[in-house]
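Raw final_32.pdb, PDB, C-alpha atoms, pLDDT in the B column:
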```pdb
ATOM      1  CA  MET E   3      -9.932  -8.485 -11.686  1.00 72.00           C
ATOM      2  CA  LEU E   4      -9.650  -9.940 -15.166  1.00 79.00           C
ATOM      3  CA  ALA E   5     -13.298 -11.027 -15.061  1.00 82.00           C
ATOM      4  CA  GLN E   6     -14.406  -7.510 -14.108  1.00 81.00           C
ATOM      5  CA  ARG E   7     -12.868  -5.858 -17.170  1.00 87.00           C
ATOM      6  CA  PRO E   8     -15.315  -4.500 -19.727  1.00 91.00           C
ATOM      7  CA  PRO E   9     -15.567  -6.151 -23.151  1.00 91.00           C
ATOM      8  CA  GLY E  10     -13.111  -4.728 -25.652  1.00 92.00           C
ATOM      9  CA  SER E  11     -10.419  -3.962 -23.065  1.00 92.00           C
ATOM     10  CA  ALA E  12      -6.774  -4.314 -23.996  1.00 87.00           C
ATOM     11  CA  VAL E  13      -5.248  -7.762 -23.829  1.00 84.00           C
ATOM     12  CA  ALA E  14      -4.401  -8.900 -20.300  1.00 85.00           C
ATOM     13  CA  VAL E  15      -2.399 -11.853 -19.060  1.00 84.00           C
ATOM     14  CA  GLN E  16      -2.297 -13.597 -15.725  1.00 89.00           C
ATOM     15  CA  ALA E  17       1.236 -14.284 -14.533  1.00 93.00           C
ATOM     16  CA  VAL E  18       3.695 -13.775 -11.694  1.00 95.00           C
ATOM     17  CA  ALA E  19       6.039 -10.813 -11.659  1.00 95.00           C
ATOM     18  CA  GLU E  20       9.134 -12.997 -11.575  1.00 97.00           C
ATOM     19  CA  ARG E  21       8.247 -14.630 -14.934  1.00 97.00           C
ATOM     20  CA  LEU E  22       6.317 -12.249 -17.167  1.00 96.00           C
ATOM     21  CA  PRO E  23       5.167 -13.962 -20.382  1.00 96.00           C
ATOM     22  CA  LEU E  24       6.184 -10.963 -22.494  1.00 95.00           C
ATOM     23  CA  ARG E  25       9.027 -10.357 -24.918  1.00 97.00           C
ATOM     24  CA  ASP E  26      11.851  -7.955 -24.136  1.00 98.00           C
ATOM     25  CA  ASP E  27      10.829  -4.283 -24.535  1.00 98.00           C
ATOM     26  CA  ALA E  28       7.176  -5.326 -24.916  1.00 96.00           C
ATOM     27  CA  ALA E  29       5.647  -2.201 -23.336  1.00 95.00           C
ATOM     28  CA  ASP E  30       6.349   1.495 -23.344  1.00 97.00           C
ATOM     29  CA  ALA E  31       5.722   1.548 -19.596  1.00 97.00           C
ATOM     30  CA  VAL E  32       5.164  -1.012 -16.868  1.00 96.00           C
ATOM     31  CA  MET E  33       3.586  -0.465 -13.493  1.00 96.00           C
ATOM     32  CA  ALA E  34       3.478  -2.278 -10.159  1.00 97.00           C
ATOM     33  CA  LEU E  35       0.940  -0.948  -7.651  1.00 96.00           C
ATOM     34  CA  LEU E  36       1.269  -2.015  -4.010  1.00 96.00           C
ATOM     35  CA  THR E  37       2.299  -5.498  -5.053  1.00 96.00           C
ATOM     36  CA  ILE E  38       6.038  -6.008  -4.635  1.00 96.00           C
ATOM     37  CA  HIS E  39       5.656  -7.098  -0.998  1.00 95.00           C
ATOM     38  CA  HIS E  40       3.630 -10.071  -2.295  1.00 94.00           C
ATOM     39  CA  TRP E  41       6.308 -11.289  -4.710  1.00 96.00           C
ATOM     40  CA  THR E  42       8.364 -14.347  -3.792  1.00 96.00           C
ATOM     41  CA  ASP E  43      11.513 -12.835  -5.337  1.00 97.00           C
ATOM     42  CA  PRO E  44      11.349  -9.033  -5.614  1.00 97.00           C
ATOM     43  CA  VAL E  45      14.782  -8.798  -7.235  1.00 97.00           C
ATOM     44  CA  ALA E  46      13.692 -11.155 -10.022  1.00 97.00           C
ATOM     45  CA  GLY E  47      10.400  -9.274 -10.396  1.00 97.00           C
ATOM     46  CA  ILE E  48      12.159  -5.922 -10.748  1.00 97.00           C
ATOM     47  CA  ARG E  49      14.521  -7.511 -13.269  1.00 97.00           C
ATOM     48  CA  GLU E  50      11.455  -8.603 -15.260  1.00 97.00           C
ATOM     49  CA  LEU E  51       9.954  -5.103 -15.136  1.00 97.00           C
ATOM     50  CA  ARG E  52      13.214  -3.719 -16.499  1.00 97.00           C
ATOM     51  CA  ARG E  53      13.283  -6.397 -19.196  1.00 98.00           C
ATOM     52  CA  VAL E  54       9.797  -5.755 -20.583  1.00 97.00           C
ATOM     53  CA  ALA E  55       9.732  -1.934 -20.274  1.00 98.00           C
ATOM     54  CA  ARG E  56      11.030   0.225 -23.117  1.00 97.00           C
ATOM     55  CA  ARG E  57      10.710   3.679 -21.608  1.00 98.00           C
ATOM     56  CA  ARG E  58       9.405   3.822 -18.052  1.00 98.00           C
ATOM     57  CA  ILE E  59       8.769   1.840 -14.885  1.00 98.00           C
ATOM     58  CA  VAL E  60       6.353   3.128 -12.247  1.00 98.00           C
ATOM     59  CA  VAL E  61       6.064   1.512  -8.818  1.00 98.00           C
ATOM     60  CA  LEU E  62       3.680   2.509  -6.045  1.00 98.00           C
ATOM     61  CA  THR E  63       5.001   1.279  -2.721  1.00 98.00           C
ATOM     62  CA  TRP E  64       5.365   2.542   0.822  1.00 97.00           C
ATOM     63  CA  ASP E  65       8.047   3.409   3.330  1.00 98.00           C
ATOM     64  CA  GLN E  66       7.355   1.091   6.260  1.00 97.00           C
ATOM     65  CA  ARG E  67       9.231   3.296   8.729  1.00 97.00           C
ATOM     66  CA  VAL E  68       7.055   6.316   7.886  1.00 98.00           C
ATOM     67  CA  PHE E  69       3.914   4.164   7.761  1.00 98.00           C
ATOM     68  CA  ARG E  70       4.558   2.800  11.267  1.00 97.00           C
ATOM     69  CA  GLU E  71       5.220   6.270  12.683  1.00 97.00           C
ATOM     70  CA  GLN E  72       2.507   8.251  10.902  1.00 97.00           C
ATOM     71  CA  PHE E  73      -0.472   5.931  10.462  1.00 98.00           C
ATOM     72  CA  TRP E  74      -2.554   5.894  13.622  1.00 98.00           C
ATOM     73  CA  LEU E  75      -4.159   2.485  12.911  1.00 98.00           C
ATOM     74  CA  VAL E  76      -0.936   0.489  13.059  1.00 97.00           C
ATOM     75  CA  ARG E  77       0.790   2.738  15.586  1.00 97.00           C
ATOM     76  CA  GLU E  78      -2.018   2.751  18.161  1.00 98.00           C
ATOM     77  CA  TYR E  79      -4.151  -0.314  17.486  1.00 98.00           C
ATOM     78  CA  LEU E  80      -2.459  -2.882  15.266  1.00 97.00           C
ATOM     79  CA  PRO E  81       1.291  -2.911  15.843  1.00 96.00           C
ATOM     80  CA  GLN E  82       1.242  -6.671  15.189  1.00 94.00           C
ATOM     81  CA  ALA E  83       0.029  -6.001  11.649  1.00 93.00           C
ATOM     82  CA  ALA E  84       2.850  -3.511  11.185  1.00 93.00           C
ATOM     83  CA  ALA E  85       5.292  -6.135  12.449  1.00 93.00           C
ATOM     84  CA  PHE E  86       3.973  -8.515   9.778  1.00 91.00           C
ATOM     85  CA  ASP E  87       4.722  -5.922   7.097  1.00 92.00           C
ATOM     86  CA  ASP E  88       8.160  -5.291   8.608  1.00 93.00           C
ATOM     87  CA  THR E  89       9.092  -8.726   7.295  1.00 91.00           C
ATOM     88  CA  ARG E  90       8.066  -8.051   3.698  1.00 93.00           C
ATOM     89  CA  ALA E  91       8.247  -4.303   3.072  1.00 95.00           C
ATOM     90  CA  ILE E  92      11.145  -3.212   0.900  1.00 96.00           C
ATOM     91  CA  PRO E  93      12.543   0.246   1.636  1.00 97.00           C
ATOM     92  CA  PRO E  94      11.892   2.663  -1.236  1.00 98.00           C
ATOM     93  CA  ASP E  95      15.599   3.537  -1.466  1.00 97.00           C
ATOM     94  CA  ARG E  96      16.416  -0.132  -2.071  1.00 97.00           C
ATOM     95  CA  LEU E  97      13.662  -0.416  -4.692  1.00 97.00           C
ATOM     96  CA  ALA E  98      14.905   2.769  -6.367  1.00 97.00           C
ATOM     97  CA  ALA E  99      18.384   1.262  -6.604  1.00 97.00           C
ATOM     98  CA  LEU E 100      17.031  -2.030  -7.990  1.00 96.00           C
ATOM     99  CA  LEU E 101      15.092  -0.039 -10.577  1.00 97.00           C
ATOM    100  CA  GLY E 102      18.316   1.574 -11.737  1.00 95.00           C
ATOM    101  CA  GLY E 103      17.882   4.892  -9.998  1.00 96.00           C
ATOM    102  CA  ALA E 104      14.227   5.849  -9.654  1.00 97.00           C
ATOM    103  CA  ARG E 105      13.035   9.234  -8.510  1.00 97.00           C
ATOM    104  CA  GLN E 106      10.715   9.113  -5.512  1.00 97.00           C
ATOM    105  CA  GLU E 107       7.595  11.181  -5.011  1.00 98.00           C
ATOM    106  CA  PRO E 108       5.396  11.211  -1.906  1.00 98.00           C
ATOM    107  CA  VAL E 109       1.796  10.139  -2.546  1.00 98.00           C
ATOM    108  CA  PRO E 110      -0.499  11.877  -0.076  1.00 98.00           C
ATOM    109  CA  VAL E 111      -3.690   9.927   0.615  1.00 98.00           C
ATOM    110  CA  PRO E 112      -6.879  12.001   0.224  1.00 98.00           C
ATOM    111  CA  HIS E 113      -9.466  11.817   2.988  1.00 97.00           C
ATOM    112  CA  ASP E 114     -12.073  10.414   0.602  1.00 97.00           C
ATOM    113  CA  CYS E 115      -9.876   7.821  -1.093  1.00 96.00           C
ATOM    114  CA  THR E 116     -11.942   4.953  -2.493  1.00 91.00           C
ATOM    115  CA  ASP E 117      -9.169   2.562  -3.536  1.00 92.00           C
ATOM    116  CA  GLY E 118      -9.233   0.460  -0.369  1.00 92.00           C
ATOM    117  CA  PHE E 119      -5.520  -0.003   0.392  1.00 95.00           C
ATOM    118  CA  ALA E 120      -4.318   0.027   4.003  1.00 96.00           C
ATOM    119  CA  ALA E 121      -4.433   3.764   4.759  1.00 98.00           C
ATOM    120  CA  ALA E 122      -7.307   4.645   2.416  1.00 98.00           C
ATOM    121  CA  TYR E 123      -9.714   5.123   5.324  1.00 98.00           C
ATOM    122  CA  TRP E 124      -7.434   7.161   7.583  1.00 98.00           C
ATOM    123  CA  ARG E 125     -10.170   9.745   8.210  1.00 97.00           C
ATOM    124  CA  ARG E 126     -13.000   7.172   8.261  1.00 98.00           C
ATOM    125  CA  PRO E 127     -11.917   4.864  11.092  1.00 98.00           C
ATOM    126  CA  HIS E 128     -15.205   2.959  11.259  1.00 98.00           C
ATOM    127  CA  ALA E 129     -14.333   1.395   7.907  1.00 98.00           C
ATOM    128  CA  TYR E 130     -11.597  -0.698   9.538  1.00 98.00           C
ATOM    129  CA  LEU E 131     -14.252  -2.412  11.644  1.00 98.00           C
ATOM    130  CA  ASP E 132     -16.002  -3.681   8.492  1.00 97.00           C
ATOM    131  CA  PRO E 133     -14.886  -7.257   7.613  1.00 96.00           C
ATOM    132  CA  PRO E 134     -15.317  -6.807   3.816  1.00 94.00           C
ATOM    133  CA  VAL E 135     -13.113  -3.692   3.967  1.00 95.00           C
ATOM    134  CA  ARG E 136     -10.447  -5.569   5.931  1.00 95.00           C
ATOM    135  CA  ALA E 137     -10.622  -8.500   3.517  1.00 93.00           C
ATOM    136  CA  GLY E 138      -9.459  -6.186   0.734  1.00 92.00           C
ATOM    137  CA  ILE E 139      -6.443  -4.900   2.680  1.00 95.00           C
ATOM    138  CA  SER E 140      -3.643  -7.454   2.597  1.00 93.00           C
ATOM    139  CA  LEU E 141      -1.993  -5.996   5.705  1.00 93.00           C
ATOM    140  CA  LEU E 142      -5.110  -6.888   7.703  1.00 95.00           C
ATOM    141  CA  ALA E 143      -6.360  -9.948   5.832  1.00 93.00           C
ATOM    142  CA  GLN E 144      -3.015 -11.730   5.875  1.00 93.00           C
ATOM    143  CA  THR E 145      -2.143 -10.873   9.460  1.00 92.00           C
ATOM    144  CA  GLY E 146      -5.189 -12.833  10.594  1.00 89.00           C
ATOM    145  CA  GLU E 147      -8.366 -11.922  12.397  1.00 91.00           C
ATOM    146  CA  ASP E 148      -7.223 -13.503  15.673  1.00 94.00           C
ATOM    147  CA  VAL E 149      -4.150 -11.240  15.745  1.00 95.00           C
ATOM    148  CA  ILE E 150      -5.957  -8.004  14.902  1.00 97.00           C
ATOM    149  CA  ALA E 151      -9.186  -8.604  16.872  1.00 97.00           C
ATOM    150  CA  PRO E 152      -7.938  -7.109  20.188  1.00 98.00           C
ATOM    151  CA  GLY E 153      -6.758  -3.920  18.486  1.00 98.00           C
ATOM    152  CA  LEU E 154      -9.990  -3.621  16.527  1.00 98.00           C
ATOM    153  CA  ALA E 155     -11.958  -4.043  19.755  1.00 98.00           C
ATOM    154  CA  ARG E 156      -9.968  -1.137  21.263  1.00 98.00           C
ATOM    155  CA  LEU E 157     -10.683   0.927  18.135  1.00 98.00           C
ATOM    156  CA  ALA E 158     -14.416   0.152  18.382  1.00 98.00           C
ATOM    157  CA  ASP E 159     -14.406   1.172  22.055  1.00 98.00           C
ATOM    158  CA  ASP E 160     -12.518   4.397  21.295  1.00 98.00           C
ATOM    159  CA  LEU E 161     -14.926   5.261  18.480  1.00 98.00           C
ATOM    160  CA  ALA E 162     -17.958   4.546  20.662  1.00 98.00           C
ATOM    161  CA  SER E 163     -16.603   6.622  23.554  1.00 98.00           C
ATOM    162  CA  GLY E 164     -15.368   9.499  21.377  1.00 98.00           C
ATOM    163  CA  ARG E 165     -11.741   8.961  22.468  1.00 98.00           C
ATOM    164  CA  TRP E 166     -10.578   8.369  18.892  1.00 98.00           C
ATOM    165  CA  HIS E 167     -12.151  11.621  17.682  1.00 97.00           C
ATOM    166  CA  SER E 168     -10.725  13.574  20.632  1.00 97.00           C
ATOM    167  CA  ARG E 169      -7.262  12.151  20.091  1.00 97.00           C
ATOM    168  CA  HIS E 170      -7.350  12.773  16.318  1.00 98.00           C
ATOM    169  CA  ALA E 171      -9.325  16.023  16.111  1.00 97.00           C
ATOM    170  CA  ARG E 172      -6.433  17.777  14.327  1.00 96.00           C
ATOM    171  CA  LEU E 173      -6.127  14.943  11.822  1.00 96.00           C
ATOM    172  CA  LEU E 174      -9.791  15.366  10.901  1.00 95.00           C
ATOM    173  CA  THR E 175      -9.033  18.851   9.562  1.00 97.00           C
ATOM    174  CA  HIS E 176      -6.603  17.529   6.926  1.00 98.00           C
ATOM    175  CA  GLU E 177      -7.579  16.895   3.328  1.00 98.00           C
ATOM    176  CA  THR E 178      -4.609  14.564   2.763  1.00 98.00           C
ATOM    177  CA  VAL E 179      -1.949  12.809   4.828  1.00 98.00           C
ATOM    178  CA  ASP E 180       1.482  11.445   4.046  1.00 98.00           C
ATOM    179  CA  VAL E 181       1.744   8.055   5.701  1.00 98.00           C
ATOM    180  CA  GLY E 182       4.640   6.814   3.616  1.00 98.00           C
ATOM    181  CA  TYR E 183       3.246   5.894   0.204  1.00 98.00           C
ATOM    182  CA  ARG E 184       5.818   6.581  -2.493  1.00 98.00           C
ATOM    183  CA  LEU E 185       5.749   6.631  -6.266  1.00 98.00           C
ATOM    184  CA  LEU E 186       9.007   5.467  -7.826  1.00 98.00           C
ATOM    185  CA  VAL E 187       9.564   6.386 -11.457  1.00 98.00           C
ATOM    186  CA  THR E 188      12.421   5.197 -13.633  1.00 98.00           C
ATOM    187  CA  ASP E 189      12.909   6.471 -17.144  1.00 97.00           C
ATOM    188  CA  LEU E 190      14.932   4.021 -19.201  1.00 95.00           C
TER     189      LEU E 190
END
```
What do you get writing this file as structure tokens?
Amino acid sequence: MLAQRPPGSAVAVQAVAERLPLRDDAADAVMALLTIHHWTDPVAGIRELRRVARRRIVVLTWDQRVFREQFWLVREYLPQAAAFDDTRAIPPDRLAALLGGARQEPVPVPHDCTDGFAAAYWRRPHAYLDPPVRAGISLLAQTGEDVIAPGLARLADDLASGRWHSRHARLLTHETVDVGYRLLVTDL
């Protein structure tokens, strides 16, 4: 990511959340986007966010319970991937408390989302069959191809037969869905 930044961009550092190489109150706002589940010590990482932020902390995360129930890919095809995230997802209420009392806002995912996170392709199911797409989604890449292959084969069969489209015809009429992504905002 650092190498992709255009010349003249603001200064960037490469570090781990648990040990940010910044002074206290170094930034007006700090942000963590779909990353906390990758940290080795989320409590220490949140403590660091609070240390370096002067005014605001913003965290994009997800509610694993809602994600499991509402997102067809993990519910119907890849429950093993959801089980993997069960071990590392932190409930938004717990994160809000660690942040010192954050407000939570649902983040509906638009049907044409281009970001590439786990539910970005909820209305474009063929994308999940594309290895480069899966490689950019930690839920799928870190679970392992051998674990997700049977579910992806079922998805491919359902797409080829039209079963997926029949089962999700109502979903295809939505512009956005709420599958559990949450924005947590703390004003300091």
I'd like to see the residues matched by the PyMOL selection byres ((chain E and resi 154) around 12) on this file, and ideally I'd get them as a JSON list (two decimals) with C-alpha atoms, in the coordinates of the input.
```
[["chain", "number", "residue", "atom", "x", "y", "z"],
["E", 75, "LEU", "CA", -4.16, 2.48, 12.91],
["E", 76, "VAL", "CA", -0.94, 0.49, 13.06],
["E", 78, "GLU", "CA", -2.02, 2.75, 18.16],
["E", 79, "TYR", "CA", -4.15, -0.31, 17.49],
["E", 80, "LEU", "CA", -2.46, -2.88, 15.27],
["E", 81, "PRO", "CA", 1.29, -2.91, 15.84],
["E", 82, "GLN", "CA", 1.24, -6.67, 15.19],
["E", 83, "ALA", "CA", 0.03, -6.00, 11.65],
["E", 127, "PRO", "CA", -11.92, 4.86, 11.09],
["E", 128, "HIS", "CA", -15.20, 2.96, 11.26],
["E", 129, "ALA", "CA", -14.33, 1.40, 7.91],
["E", 130, "TYR", "CA", -11.60, -0.70, 9.54],
["E", 131, "LEU", "CA", -14.25, -2.41, 11.64],
["E", 132, "ASP", "CA", -16.00, -3.68, 8.49],
["E", 133, "PRO", "CA", -14.89, -7.26, 7.61],
["E", 136, "ARG", "CA", -10.45, -5.57, 5.93],
["E", 142, "LEU", "CA", -5.11, -6.89, 7.70],
["E", 146, "GLY", "CA", -5.19, -12.83, 10.59],
["E", 147, "GLU", "CA", -8.37, -11.92, 12.40],
["E", 148, "ASP", "CA", -7.22, -13.50, 15.67],
["E", 149, "VAL", "CA", -4.15, -11.24, 15.74],
["E", 150, "ILE", "CA", -5.96, -8.00, 14.90],
["E", 151, "ALA", "CA", -9.19, -8.60, 16.87],
["E", 152, "PRO", "CA", -7.94, -7.11, 20.19],
["E", 153, "GLY", "CA", -6.76, -3.92, 18.49],
["E", 155, "ALA", "CA", -11.96, -4.04, 19.76],
["E", 156, "ARG", "CA", -9.97, -1.14, 21.26],
["E", 157, "LEU", "CA", -10.68, 0.93, 18.14],
["E", 158, "ALA", "CA", -14.42, 0.15, 18.38],
["E", 159, "ASP", "CA", -14.41, 1.17, 22.06],
["E", 160, "ASP", "CA", -12.52, 4.40, 21.30],
["E", 161, "LEU", "CA", -14.93, 5.26, 18.48]]
```
- Message: Given all atoms listed in the file as the basis, pick out the residue of E:His39, E:Arg90, E:Arg126, E:Arg96 nearest to E:His170.
- Response: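 Closest candidate: E:Arg126.
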- Find, counting all atoms listed in the file, the residue in E:Gly164, E:Gly138, E:Pro9, E:Gly103 that gets nearest to E:Asp189.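 Among the listed residues, E:Gly103 lies closest to E:Asp189.
Separating atom CA of E:Gly182 from atom CA of E:Ile139 is a distance of 16.2 Å.
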- Task: Work out how far atom CA of E:Trp124 is from atom CA of E:Ala171, in Å to one decimal.
- Result: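 Value for the atom CA of E:Ala171-atom CA of E:Trp124 distance: 12.4 Å.
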- In Å to one decimal, how far is atom CA of E:Arg21 from atom CA of E:Glu50?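 A separation of 6.8 Å between them.
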- Can you list, as a list in words, every protein, DNA or RNA residue that comes within 12 Å of E:Thr89 when you count only C-alpha atoms, leaving out same-chain residues fewer than 3 positions away? His39, His40, Gln66, Gln82, Ala83, Ala84, Ala85, Phe86, Ile92, Pro93, Leu141 and Thr145 of chain E
- Query: Out of E:Asp87, E:Asp26, E:Glu71, E:Asp43, which residue has the shortest atom-to-atom distance to E:Arg57 when counting all atoms listed in the file?
  - Reply: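 Among the listed residues, the smallest separation from E:Arg57 belongs to E:Asp26.
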- For E:Tyr183, work out the shell of residues within 7 Å, counting all atoms listed in the file and skipping chain neighbours fewer than 2 positions away, then give it as a count of residues only. 8
- Item | Residues in the PyMOL selection byres ((chain E and resi 121) around 8), expressed as a PyMOL selection string | chain E and resi 73+111+118-120+122-124+181
Enclosing box along x, y and z for every listed atom of stretch 174-181 of chain E, padded 6 Å each side, centre and size in Å, one decimal, as JSON:
```
{"center_x": -4.0, "center_y": 13.5, "center_z": 6.8, "size_x": 23.5, "size_y": 22.8, "size_z": 20.1}
```
- Between E:Ala137, E:Leu100, E:Met3, E:Ala143, single out the one closest to E:Val15, counting all atoms listed in the file. E:Met3
- Message: Translate the PyMOL selection byres ((chain E and resi 27) around 9) into a concrete residue list for this structure, as an NGL selection string.
- Response: :E and (24-26 or 28-30 or 52-57)
- Considering all atoms listed in the file, state which residue in the set E:Gln106, E:Gln6, E:Thr37, E:Thr116 is at the smallest distance from E:Ala91.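 Counting all atoms listed in the file, the residue closest to E:Ala91 is E:Thr37.
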Generate the coordinates of N, CA, C and O atoms for stretch 15-36 of chain E; report them as an mmCIF file, in the frame of the given file.
```cif
data_model
loop_
_atom_site.group_PDB
_atom_site.id
_atom_site.type_symbol
_atom_site.label_atom_id
_atom_site.label_comp_id
_atom_site.auth_asym_id
_atom_site.auth_seq_id
_atom_site.Cartn_x
_atom_site.Cartn_y
_atom_site.Cartn_z
ATOM 1 N N VAL E 15 -2.884 -10.508 -19.347
ATOM 2 C CA VAL E 15 -2.399 -11.853 -19.060
ATOM 3 C C VAL E 15 -2.340 -12.031 -17.553
ATOM 4 O O VAL E 15 -2.204 -11.074 -16.807
ATOM 5 N N GLN E 16 -2.429 -13.274 -17.137
ATOM 6 C CA GLN E 16 -2.297 -13.597 -15.725
ATOM 7 C C GLN E 16 -0.962 -14.304 -15.559
ATOM 8 O O GLN E 16 -0.706 -15.327 -16.208
ATOM 9 N N ALA E 17 -0.106 -13.732 -14.706
ATOM 10 C CA ALA E 17 1.236 -14.284 -14.533
ATOM 11 C C ALA E 17 1.791 -13.819 -13.195
ATOM 12 O O ALA E 17 1.140 -13.079 -12.467
ATOM 13 N N VAL E 18 2.992 -14.255 -12.882
ATOM 14 C CA VAL E 18 3.695 -13.775 -11.694
ATOM 15 C C VAL E 18 4.784 -12.810 -12.152
ATOM 16 O O VAL E 18 5.320 -12.934 -13.257
ATOM 17 N N ALA E 19 5.085 -11.863 -11.301
ATOM 18 C CA ALA E 19 6.039 -10.813 -11.659
ATOM 19 C C ALA E 19 7.416 -11.366 -12.011
ATOM 20 O O ALA E 19 8.112 -10.825 -12.866
ATOM 21 N N GLU E 20 7.797 -12.450 -11.376
ATOM 22 C CA GLU E 20 9.134 -12.997 -11.575
ATOM 23 C C GLU E 20 9.306 -13.687 -12.936
ATOM 24 O O GLU E 20 10.422 -13.977 -13.337
ATOM 25 N N ARG E 21 8.203 -13.963 -13.621
ATOM 26 C CA ARG E 21 8.247 -14.630 -14.934
ATOM 27 C C ARG E 21 7.132 -14.067 -15.815
ATOM 28 O O ARG E 21 6.103 -14.708 -16.011
ATOM 29 N N LEU E 22 7.334 -12.873 -16.328
ATOM 30 C CA LEU E 22 6.317 -12.249 -17.167
ATOM 31 C C LEU E 22 6.350 -12.870 -18.558
ATOM 32 O O LEU E 22 7.412 -12.935 -19.183
ATOM 33 N N PRO E 23 5.209 -13.316 -19.068
ATOM 34 C CA PRO E 23 5.167 -13.962 -20.382
ATOM 35 C C PRO E 23 5.119 -12.922 -21.509
ATOM 36 O O PRO E 23 4.214 -12.919 -22.348
ATOM 37 N N LEU E 24 6.097 -12.033 -21.502
ATOM 38 C CA LEU E 24 6.184 -10.963 -22.494
ATOM 39 C C LEU E 24 7.598 -10.935 -23.066
ATOM 40 O O LEU E 24 8.559 -11.268 -22.381
ATOM 41 N N ARG E 25 7.698 -10.471 -24.293
ATOM 42 C CA ARG E 25 9.027 -10.357 -24.918
ATOM 43 C C ARG E 25 9.769 -9.154 -24.332
ATOM 44 O O ARG E 25 9.174 -8.291 -23.690
ATOM 45 N N ASP E 26 11.049 -9.108 -24.551
ATOM 46 C CA ASP E 26 11.851 -7.955 -24.136
ATOM 47 C C ASP E 26 11.282 -6.694 -24.780
ATOM 48 O O ASP E 26 10.841 -6.719 -25.934
ATOM 49 N N ASP E 27 11.304 -5.581 -24.033
ATOM 50 C CA ASP E 27 10.829 -4.283 -24.535
ATOM 51 C C ASP E 27 9.399 -4.352 -25.069
ATOM 52 O O ASP E 27 9.048 -3.683 -26.042
ATOM 53 N N ALA E 28 8.543 -5.115 -24.431
ATOM 54 C CA ALA E 28 7.176 -5.326 -24.916
ATOM 55 C C ALA E 28 6.254 -4.138 -24.674
ATOM 56 O O ALA E 28 5.255 -3.978 -25.370
ATOM 57 N N ALA E 29 6.559 -3.289 -23.688
ATOM 58 C CA ALA E 29 5.647 -2.201 -23.336
ATOM 59 C C ALA E 29 6.405 -0.890 -23.180
ATOM 60 O O ALA E 29 7.542 -0.875 -22.723
ATOM 61 N N ASP E 30 5.742 0.179 -23.556
ATOM 62 C CA ASP E 30 6.349 1.495 -23.344
ATOM 63 C C ASP E 30 6.592 1.735 -21.859
ATOM 64 O O ASP E 30 7.624 2.264 -21.471
ATOM 65 N N ALA E 31 5.615 1.343 -21.042
ATOM 66 C CA ALA E 31 5.722 1.548 -19.596
ATOM 67 C C ALA E 31 5.139 0.334 -18.881
ATOM 68 O O ALA E 31 4.215 -0.301 -19.377
ATOM 69 N N VAL E 32 5.702 0.037 -17.729
ATOM 70 C CA VAL E 32 5.164 -1.012 -16.868
ATOM 71 C C VAL E 32 4.929 -0.413 -15.481
ATOM 72 O O VAL E 32 5.579 0.557 -15.091
ATOM 73 N N MET E 33 3.998 -1.016 -14.765
ATOM 74 C CA MET E 33 3.586 -0.465 -13.493
ATOM 75 C C MET E 33 3.343 -1.587 -12.499
ATOM 76 O O MET E 33 2.800 -2.633 -12.850
ATOM 77 N N ALA E 34 3.732 -1.346 -11.260
ATOM 78 C CA ALA E 34 3.478 -2.278 -10.159
ATOM 79 C C ALA E 34 2.888 -1.458 -9.015
ATOM 80 O O ALA E 34 3.556 -0.576 -8.475
ATOM 81 N N LEU E 35 1.646 -1.740 -8.654
ATOM 82 C CA LEU E 35 0.940 -0.948 -7.651
ATOM 83 C C LEU E 35 0.719 -1.751 -6.378
ATOM 84 O O LEU E 35 -0.057 -2.700 -6.367
ATOM 85 N N LEU E 36 1.415 -1.373 -5.327
ATOM 86 C CA LEU E 36 1.269 -2.015 -4.010
ATOM 87 C C LEU E 36 1.252 -3.531 -4.124
ATOM 88 O O LEU E 36 0.381 -4.208 -3.591
#
```
